[in-house]
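Colleague: Input input_26.txt, format and content: compact mmCIF, C-alpha atoms.
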# COMPACT_ATOMS: atom_id res chain seq x y z
CA MET A 1 60.25 82.95 30.71
CA ILE A 2 56.77 82.33 32.09
CA LEU A 3 56.53 79.53 34.65
CA ASN A 4 53.42 77.40 34.78
CA GLY A 5 52.16 75.70 37.91
CA ASP A 6 54.10 72.46 37.34
CA ASN A 7 57.39 74.26 36.78
CA ARG A 8 56.91 76.39 39.88
CA LEU A 9 56.23 73.28 41.94
CA LYS A 10 59.37 71.59 40.59
CA ILE A 11 61.50 74.63 41.42
CA LEU A 12 60.00 74.84 44.91
CA VAL A 13 60.69 71.14 45.54
CA ARG A 14 64.29 71.54 44.39
CA LEU A 15 64.77 74.53 46.68
CA LEU A 16 63.35 72.61 49.61
CA LEU A 17 65.61 69.64 48.93
CA LEU A 18 68.59 71.97 48.74
CA MET A 19 67.64 73.60 52.04
CA PHE A 20 67.19 70.25 53.77
CA ALA A 21 70.60 69.17 52.55
CA VAL A 22 72.18 72.29 54.01
CA VAL A 23 70.27 71.81 57.28
CA LEU A 24 71.81 68.36 57.62
CA SER A 25 75.24 69.90 57.17
CA GLY A 26 74.67 72.12 60.24
CA CYS A 27 75.37 75.42 58.44
CA THR A 28 73.60 78.76 58.94
CA PHE A 29 73.81 81.55 56.41
CA ASN A 30 73.34 85.15 57.49
CA HIS A 31 71.86 87.69 55.08
CA VAL A 32 71.87 91.38 56.07
CA SER A 33 69.36 93.59 54.28
CA GLU A 34 70.79 96.85 53.00
CA LEU A 35 68.48 99.71 53.94
CA ARG A 36 68.35 102.96 51.97
CA PRO A 37 65.32 104.94 53.17
CA SER A 38 64.82 108.42 51.79
CA LEU A 39 62.59 111.34 52.72
CA ASP A 40 60.66 113.00 49.92
CA ASN A 41 57.51 115.04 49.42
CA SER A 42 57.39 116.68 52.84
CA THR A 43 54.71 119.34 53.22
CA VAL A 44 56.71 121.41 55.76
CA LYS A 45 57.26 124.92 54.42
CA GLU A 46 58.76 126.79 57.37
CA LYS A 47 61.20 125.79 60.10
CA LEU A 48 60.64 126.55 63.77
CA PRO A 49 63.14 129.12 65.15
CA PHE A 50 64.63 126.77 67.76
CA VAL A 51 67.86 124.97 68.43
CA VAL A 52 66.98 121.43 69.48
CA GLY A 53 69.06 118.51 70.60
CA VAL A 54 68.60 114.96 69.40
CA TYR A 55 69.51 111.92 71.47
CA TYR A 56 69.90 108.45 69.99
CA SER A 57 70.24 105.80 72.66
CA PRO A 58 72.58 102.83 72.07
CA GLN A 59 69.49 100.60 72.00
CA PHE A 60 68.04 102.72 69.21
CA ARG A 61 71.25 102.81 67.18
CA ASP A 62 71.85 99.06 67.47
CA TYR A 63 68.26 97.89 66.98
CA GLU A 64 67.86 95.01 64.54
CA GLN A 65 65.48 92.17 63.90
CA ALA A 66 66.28 88.73 62.54
CA ARG A 67 64.17 85.93 61.14
CA LEU A 68 65.48 82.36 60.88
CA LYS A 69 64.02 80.08 58.22
CA MET A 70 65.63 76.74 57.64
CA VAL A 71 69.36 77.53 57.47
CA HIS A 72 68.99 81.18 56.50
CA ARG A 73 68.92 84.07 58.97
CA TRP A 74 67.59 87.32 57.55
CA ILE A 75 68.85 90.35 59.50
CA VAL A 76 67.36 93.85 59.19
CA PRO A 77 69.49 96.57 60.90
CA VAL A 78 66.72 99.10 61.40
CA GLY A 79 68.42 101.20 64.08
CA ASN A 80 71.34 102.50 62.05
CA ALA A 81 69.10 103.33 59.09
CA SER A 82 66.65 105.09 61.43
CA VAL A 83 69.40 107.35 62.74
CA THR A 84 70.24 108.35 59.16
CA LEU A 85 66.58 109.02 58.40
CA PHE A 86 65.93 111.10 61.54
CA ASP A 87 69.09 113.09 60.75
CA LYS A 88 67.40 114.06 57.49
CA ALA A 89 63.95 114.66 58.99
CA ILE A 90 64.56 116.76 62.12
CA PRO A 91 66.44 119.57 60.30
CA LEU A 92 63.31 120.05 58.18
CA LEU A 93 61.49 121.13 61.34
CA PHE A 94 64.00 123.34 63.18
CA ASP A 95 66.55 126.06 62.45
CA ASP A 96 69.36 124.10 64.06
CA VAL A 97 69.82 120.57 65.37
CA VAL A 98 72.68 119.41 67.57
CA PRO A 99 73.48 115.90 68.84
CA VAL A 100 73.51 115.38 72.61
CA GLU A 101 75.32 112.57 74.40
CA GLY A 102 72.61 111.89 76.94
CA ILE A 103 69.25 112.94 78.30
CA PRO A 104 69.52 116.11 80.43
CA THR A 105 68.62 115.97 84.13
CA PRO A 106 67.57 118.68 86.61
CA ALA A 107 71.12 118.56 88.01
CA LYS A 108 72.68 118.62 84.54
CA ARG A 109 70.52 120.82 82.37
CA ASN A 110 71.20 121.60 78.73
CA ASP A 111 70.18 125.22 78.37
CA LYS A 112 71.79 125.45 74.93
CA VAL A 113 68.74 123.78 73.39
CA ALA A 114 65.04 124.56 73.52
CA ALA A 115 64.18 120.86 73.72
CA VAL A 116 65.63 117.40 73.20
CA ILE A 117 64.07 114.92 70.78
CA GLU A 118 64.49 111.25 71.66
CA PRO A 119 63.20 108.73 69.11
CA SER A 120 62.86 105.04 69.89
CA ILE A 121 61.61 101.99 68.05
CA GLU A 122 58.54 100.72 69.83
CA GLU A 123 57.85 97.89 67.40
CA PHE A 124 59.26 96.44 64.20
CA ASP A 125 58.28 93.26 62.40
CA PHE A 126 58.69 91.79 58.95
CA GLU A 127 57.36 88.73 57.18
CA LEU A 128 58.70 86.85 54.20
CA PRO A 129 57.09 84.11 52.12
CA LEU A 130 58.74 80.76 51.67
CA ALA A 131 58.64 81.08 47.91
CA LEU A 132 55.51 82.93 46.72
CA GLY A 133 53.57 85.71 48.39
CA ASP A 134 53.96 89.18 49.87
CA TYR A 135 56.83 90.65 51.83
CA THR A 136 55.67 93.00 54.58
CA ALA A 137 57.27 95.28 57.14
CA ASP A 138 55.70 97.31 59.93
CA ILE A 139 57.43 99.84 62.16
CA THR A 140 56.30 102.05 65.04
CA TYR A 141 58.49 104.90 66.26
CA ARG A 142 57.89 106.65 69.56
CA ILE A 143 58.92 110.28 69.67
CA THR A 144 59.61 111.85 73.06
CA LEU A 145 60.14 115.59 73.40
CA ARG A 146 61.95 116.76 76.55
CA ASN A 147 62.66 120.08 78.23
CA SER A 148 66.23 121.23 78.81
CA ASP A 149 66.09 119.53 82.23
CA GLY A 150 65.09 116.17 80.73
CA THR A 151 61.41 116.34 81.69
CA GLY A 152 59.26 114.81 78.98
CA PHE A 153 56.37 117.00 77.86
CA ALA A 154 55.25 115.23 74.67
CA SER A 155 55.23 111.60 73.58
CA TRP A 156 53.49 110.08 70.58
CA THR A 157 53.91 107.35 67.97
CA VAL A 158 54.04 107.22 64.19
CA GLU A 159 53.59 104.04 62.16
CA GLY A 160 54.69 102.92 58.73
CA HIS A 161 53.85 99.90 56.60
CA GLY A 162 55.47 98.34 53.55
CA ARG A 163 54.21 95.56 51.28
CA GLN A 164 55.56 94.06 48.09
CA GLY A 165 54.59 90.98 46.12
CA VAL A 166 57.48 88.93 44.76
CA GLY A 167 57.51 85.70 42.79
CA LEU A 168 59.86 82.77 43.09
CA GLY A 169 63.30 83.47 44.48
CA TYR A 170 63.99 82.32 48.04
CA LEU A 171 67.64 83.32 47.88
CA THR A 172 66.79 86.93 46.96
CA HIS A 173 64.89 87.68 50.21
CA ALA A 174 67.37 90.30 51.42
CA THR A 175 66.46 92.73 48.63
CA PRO A 176 62.63 92.79 48.98
CA ILE A 177 62.90 92.79 52.78
CA GLY A 178 65.05 95.90 52.53
CA GLN A 179 62.64 97.53 50.10
CA VAL A 180 59.51 96.99 52.20
CA THR A 181 61.38 98.10 55.32
CA ASP A 182 62.50 101.26 53.53
CA ALA A 183 58.87 101.91 52.55
CA ALA A 184 57.65 101.42 56.13
CA MET A 185 60.32 103.73 57.57
CA GLN A 186 59.64 106.40 54.96
CA GLU A 187 55.90 106.38 55.61
CA ALA A 188 56.44 106.72 59.37
CA MET A 189 58.96 109.54 58.90
CA ARG A 190 56.62 111.51 56.64
CA LYS A 191 53.95 111.24 59.34
CA PHE A 192 56.45 112.48 61.93
CA VAL A 193 57.53 115.50 59.89
CA ASP A 194 54.17 116.47 58.42
CA GLY A 195 52.22 115.88 61.63
CA PHE A 196 54.69 117.35 64.13
CA ARG A 197 52.89 120.65 64.68
CA GLU A 198 49.53 118.89 65.04
CA VAL A 199 50.49 116.92 68.17
CA PRO A 200 48.46 118.54 71.00
CA GLU A 201 51.40 118.75 73.41
CA VAL A 202 53.61 120.24 70.70
CA ARG A 203 50.95 122.84 69.92
CA ALA A 204 50.79 123.75 73.61
CA TRP A 205 54.59 124.14 73.65
CA LEU A 206 54.48 126.39 70.58
CA ARG A 207 51.72 128.52 72.12
CA GLN A 208 53.79 128.94 75.27
CA SER A 209 56.70 130.00 73.07
CA GLY A 210 54.55 132.60 71.33
CA LEU A 211 54.61 130.86 67.96
CA LEU A 212 50.93 129.99 67.93
CA ARG A 213 47.94 132.03 68.87
CA THR A 214 46.00 130.91 71.89
CA GLU A 215 42.99 128.88 70.74
With the file now loaded, output its structure as structure tokens.

Modeller:
Amino acid sequence: MILNGDNRLKILVRLLLLMFAVVLSGCTFNHVSELRPSLDNSTVKEKLPFVVGVYYSPQFRDYEQARLKMVHRWIVPVGNASVTLFDKAIPLLFDDVVPVEGIPTPAKRNDKVAAVIEPSIEEFDFELPLALGDYTADITYRITLRNSDGTGFASWTVEGHGRQGVGLGYLTHATPIGQVTDAAMQEAMRKFVDGFREVPEVRAWLRQSGLLRTE
């Protein structure tokens, strides 16, 4: 069924009246977006012959953003989905990947790994229209690469963006929010994987390891 301008206005007014009625009742409804990011079309052809550790901080694992509109709170649990995505991405780069419980220190080195990768979420934001318009999501990951004694020797960011236009349907926000967030995460992860060897500090590390010729 095709809605003309008058019908859309009537539906929007009814939705607003319904929301105001619920506001007066003092209720808040939570909606959690289900995230299912994937990692496809990587250009990486050869893994680096290293065993690396990966550390996910509690702040990273538990990261989420929420947006409250009227009586509806839209929650996007980005951290947990990011862990899943990095667990798919990092093994594309290295021969072996092992989880570590914390960042090494000079007094407590981790000589079983060549380096430790620590991702974090530097920024995440999403926007949703009231009824008509585009859903958007933007994410920035910071990647920190550390020596076996915890000293950081490389740090850079990768960004991803998602956008999707959706028509009427206020109560279906959770689905398009999840979809644009998935798109943003996937774009950022492709940049991380495909651009890893091009980071200047990473190239210097590979040269020192004898895997790149001195330029």

Colleague: Fewer than 3 positions away in the same chain doesn't count, so skip those; otherwise give me all residues within 7 Å of range 85-96 of chain A, counting only C-alpha atoms, as a list of chain:residue names.

Modeller: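 The contact residues come out as A:Pro37, A:Ser38, A:Lys47, A:Leu48, A:Pro49, A:Phe50, A:Val51, A:Val52, A:Ala81, A:Ser82, A:Val193.
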
Colleague: May I ask for the distance between CA of Ser33 in chain A and CA of Glu127 in chain A, given in Å to one decimal place?

Modeller: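 Going from CA of Ser33 in chain A over to CA of Glu127 in chain A covers 13.3 Å.
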
Colleague: I'd like the neighbourhood of range 138-147 of chain A as an mmCIF file with C-alpha atoms, in the coordinates of the input, where a residue qualifies if any of its atoms comes within 9 Å (using all atoms listed in the file), though same-chain residues fewer than 4 positions away should be ignored.

Modeller:
data_model
loop_
_atom_site.group_PDB
_atom_site.id
_atom_site.type_symbol
_atom_site.label_atom_id
_atom_site.label_comp_id
_atom_site.auth_asym_id
_atom_site.auth_seq_id
_atom_site.Cartn_x
_atom_site.Cartn_y
_atom_site.Cartn_z
ATOM 1 C CA ILE A 103 69.250 112.940 78.300
ATOM 2 C CA PRO A 104 69.520 116.110 80.430
ATOM 3 C CA ARG A 109 70.520 120.820 82.370
ATOM 4 C CA ASN A 110 71.200 121.600 78.730
ATOM 5 C CA VAL A 113 68.740 123.780 73.390
ATOM 6 C CA ALA A 114 65.040 124.560 73.520
ATOM 7 C CA ALA A 115 64.180 120.860 73.720
ATOM 8 C CA VAL A 116 65.630 117.400 73.200
ATOM 9 C CA ILE A 117 64.070 114.920 70.780
ATOM 10 C CA GLU A 118 64.490 111.250 71.660
ATOM 11 C CA PRO A 119 63.200 108.730 69.110
ATOM 12 C CA SER A 120 62.860 105.040 69.890
ATOM 13 C CA ILE A 121 61.610 101.990 68.050
ATOM 14 C CA GLU A 122 58.540 100.720 69.830
ATOM 15 C CA GLU A 123 57.850 97.890 67.400
ATOM 16 C CA PHE A 124 59.260 96.440 64.200
ATOM 17 C CA ASP A 125 58.280 93.260 62.400
ATOM 18 C CA PHE A 126 58.690 91.790 58.950
ATOM 19 C CA THR A 151 61.410 116.340 81.690
ATOM 20 C CA GLY A 152 59.260 114.810 78.980
ATOM 21 C CA PHE A 153 56.370 117.000 77.860
ATOM 22 C CA ALA A 154 55.250 115.230 74.670
ATOM 23 C CA SER A 155 55.230 111.600 73.580
ATOM 24 C CA TRP A 156 53.490 110.080 70.580
ATOM 25 C CA THR A 157 53.910 107.350 67.970
ATOM 26 C CA VAL A 158 54.040 107.220 64.190
ATOM 27 C CA GLU A 159 53.590 104.040 62.160
ATOM 28 C CA GLY A 160 54.690 102.920 58.730
ATOM 29 C CA HIS A 161 53.850 99.900 56.600
ATOM 30 C CA GLY A 162 55.470 98.340 53.550
ATOM 31 C CA ARG A 163 54.210 95.560 51.280
ATOM 32 C CA VAL A 180 59.510 96.990 52.200
ATOM 33 C CA THR A 181 61.380 98.100 55.320
ATOM 34 C CA ALA A 184 57.650 101.420 56.130
ATOM 35 C CA MET A 185 60.320 103.730 57.570
ATOM 36 C CA ALA A 188 56.440 106.720 59.370
ATOM 37 C CA MET A 189 58.960 109.540 58.900
ATOM 38 C CA PHE A 192 56.450 112.480 61.930
ATOM 39 C CA VAL A 202 53.610 120.240 70.700
#

Colleague: In Å, with one decimal, what is the gap from CA of Gln65 in chain A to CA of Val78 in chain A?

Modeller: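 These two atoms are separated by 7.5 Å.
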
Colleague: Rank A:Gly150, A:Pro129, A:Gly79, A:Gly195 by their smallest atom-to-atom distance to Thr105 in chain A, using all atoms listed in the file, and report the top residue only.

Modeller: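 Under the stated criterion, the closest residue is A:Gly150.
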
Colleague: Do you have the CA of Pro77 in chain A-CA of Gly178 in chain A distance handy?

Modeller: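 Separating CA of Pro77 in chain A from CA of Gly178 in chain A is a distance of 9.5 Å.
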
Colleague: Name all residues at most 8 Å from Leu128 in chain A (count only C-alpha atoms; drop same-chain ones fewer than 4 positions away) and give them as JSON, numbers by chain.

Modeller: {"A": [133, 134, 135, 136, 173, 177]}

Colleague: How big is the axis-aligned box, and where does its centre sit, when it encloses all atoms of range 43-59 of chain A listed in the file and has 5 Å added on every side, reported in Å to one decimal as AutoDock Vina command-line options?

Modeller:
--center_x 63.6 --center_y 114.9 --center_z 62.9 --size_x 27.9 --size_y 38.5 --size_z 29.4

Colleague: Choose the residue, out of A:Val100, A:Val76, A:Ala183, A:Ala204, that has the smallest atom-to-atom separation from Glu34 in chain A; count only C-alpha atoms.

Modeller: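 With only C-alpha atoms as the atom set, the closest residue is A:Val76.
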
Colleague: Would you please work out which residue, of A:Val83, A:Asp149, A:Leu35, A:Arg73, is nearest to Ala107 in chain A when using all atoms listed in the file?

Modeller: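 Nearest to Ala107 in chain A: A:Asp149.
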
Colleague: Could you tell me which of A:Lys112, A:Lys191, A:Lys45, A:Arg67 comes closest to Val32 in chain A if we count only C-alpha atoms?

Modeller: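 Counting only C-alpha atoms, the residue closest to Val32 in chain A is A:Arg67.
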
Colleague: Generate the missing atoms of range 65-94 of chain A up to N, CA and C atoms and report them as an mmCIF file, in the coordinates of the input.

Modeller:
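The result, written out as rebuild_30.cif:
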data_model
loop_
_atom_site.group_PDB
_atom_site.id
_atom_site.type_symbol
_atom_site.label_atom_id
_atom_site.label_comp_id
_atom_site.auth_asym_id
_atom_site.auth_seq_id
_atom_site.Cartn_x
_atom_site.Cartn_y
_atom_site.Cartn_z
ATOM 1 N N GLN A 65 66.343 93.334 63.785
ATOM 2 C CA GLN A 65 65.480 92.170 63.900
ATOM 3 C C GLN A 65 66.007 91.101 62.969
ATOM 4 N N ALA A 66 65.828 89.839 63.370
ATOM 5 C CA ALA A 66 66.280 88.730 62.540
ATOM 6 C C ALA A 66 65.173 87.682 62.468
ATOM 7 N N ARG A 67 65.132 87.004 61.338
ATOM 8 C CA ARG A 67 64.170 85.930 61.140
ATOM 9 C C ARG A 67 64.927 84.715 60.604
ATOM 10 N N LEU A 68 64.785 83.582 61.288
ATOM 11 C CA LEU A 68 65.480 82.360 60.880
ATOM 12 C C LEU A 68 64.494 81.424 60.204
ATOM 13 N N LYS A 69 64.807 81.066 58.962
ATOM 14 C CA LYS A 69 64.020 80.080 58.220
ATOM 15 C C LYS A 69 64.968 79.044 57.652
ATOM 16 N N MET A 70 64.741 77.817 58.057
ATOM 17 C CA MET A 70 65.630 76.740 57.640
ATOM 18 C C MET A 70 67.058 77.093 58.074
ATOM 19 N N VAL A 71 67.968 77.232 57.124
ATOM 20 C CA VAL A 71 69.360 77.530 57.470
ATOM 21 C C VAL A 71 69.722 78.978 57.176
ATOM 22 N N HIS A 72 68.726 79.795 56.875
ATOM 23 C CA HIS A 72 68.990 81.180 56.500
ATOM 24 C C HIS A 72 68.464 82.124 57.586
ATOM 25 N N ARG A 73 69.320 83.035 58.007
ATOM 26 C CA ARG A 73 68.920 84.070 58.970
ATOM 27 C C ARG A 73 68.928 85.403 58.243
ATOM 28 N N TRP A 74 67.758 86.038 58.242
ATOM 29 C CA TRP A 74 67.590 87.320 57.550
ATOM 30 C C TRP A 74 67.620 88.424 58.602
ATOM 31 N N ILE A 75 68.598 89.317 58.497
ATOM 32 C CA ILE A 75 68.850 90.350 59.500
ATOM 33 C C ILE A 75 68.531 91.725 58.911
ATOM 34 N N VAL A 76 67.741 92.513 59.661
ATOM 35 C CA VAL A 76 67.360 93.850 59.190
ATOM 36 C C VAL A 76 67.845 94.877 60.235
ATOM 37 N N PRO A 77 68.924 95.611 59.947
ATOM 38 C CA PRO A 77 69.490 96.570 60.900
ATOM 39 C C PRO A 77 68.759 97.903 60.873
ATOM 40 N N VAL A 78 67.590 97.930 61.481
ATOM 41 C CA VAL A 78 66.720 99.100 61.400
ATOM 42 C C VAL A 78 67.279 100.318 62.141
ATOM 43 N N GLY A 79 67.968 100.090 63.245
ATOM 44 C CA GLY A 79 68.420 101.200 64.080
ATOM 45 C C GLY A 79 69.334 102.167 63.357
ATOM 46 N N ASN A 80 70.371 101.651 62.741
ATOM 47 C CA ASN A 80 71.340 102.500 62.050
ATOM 48 C C ASN A 80 70.684 103.296 60.928
ATOM 49 N N ALA A 81 69.805 102.641 60.173
ATOM 50 C CA ALA A 81 69.100 103.330 59.090
ATOM 51 C C ALA A 81 68.145 104.383 59.647
ATOM 52 N N SER A 82 67.559 104.124 60.813
ATOM 53 C CA SER A 82 66.650 105.090 61.430
ATOM 54 C C SER A 82 67.386 106.351 61.857
ATOM 55 N N VAL A 83 68.597 106.190 62.372
ATOM 56 C CA VAL A 83 69.400 107.350 62.740
ATOM 57 C C VAL A 83 69.635 108.234 61.509
ATOM 58 N N THR A 84 70.008 107.605 60.407
ATOM 59 C CA THR A 84 70.240 108.350 59.160
ATOM 60 C C THR A 84 68.978 109.087 58.716
ATOM 61 N N LEU A 85 67.828 108.423 58.852
ATOM 62 C CA LEU A 85 66.580 109.020 58.400
ATOM 63 C C LEU A 85 66.145 110.172 59.305
ATOM 64 N N PHE A 86 66.271 110.011 60.622
ATOM 65 C CA PHE A 86 65.930 111.100 61.540
ATOM 66 C C PHE A 86 66.885 112.293 61.349
ATOM 67 N N ASP A 87 68.141 111.997 61.017
ATOM 68 C CA ASP A 87 69.090 113.090 60.750
ATOM 69 C C ASP A 87 68.687 113.904 59.538
ATOM 70 N N LYS A 88 67.925 113.322 58.633
ATOM 71 C CA LYS A 88 67.400 114.060 57.490
ATOM 72 C C LYS A 88 66.095 114.771 57.837
ATOM 73 N N ALA A 89 65.293 114.156 58.711
ATOM 74 C CA ALA A 89 63.950 114.660 58.990
ATOM 75 C C ALA A 89 63.939 115.842 59.957
ATOM 76 N N ILE A 90 64.651 115.734 61.068
ATOM 77 C CA ILE A 90 64.560 116.760 62.120
ATOM 78 C C ILE A 90 65.010 118.133 61.629
ATOM 79 N N PRO A 91 66.065 118.238 60.807
ATOM 80 C CA PRO A 91 66.440 119.570 60.300
ATOM 81 C C PRO A 91 65.388 120.210 59.406
ATOM 82 N N LEU A 92 64.410 119.451 58.938
ATOM 83 C CA LEU A 92 63.310 120.050 58.180
ATOM 84 C C LEU A 92 62.375 120.834 59.090
ATOM 85 N N LEU A 93 62.430 120.539 60.395
ATOM 86 C CA LEU A 93 61.490 121.130 61.340
ATOM 87 C C LEU A 93 62.069 122.318 62.111
ATOM 88 N N PHE A 94 63.396 122.345 62.299
ATOM 89 C CA PHE A 94 64.000 123.340 63.180
ATOM 90 C C PHE A 94 65.163 124.054 62.506
#
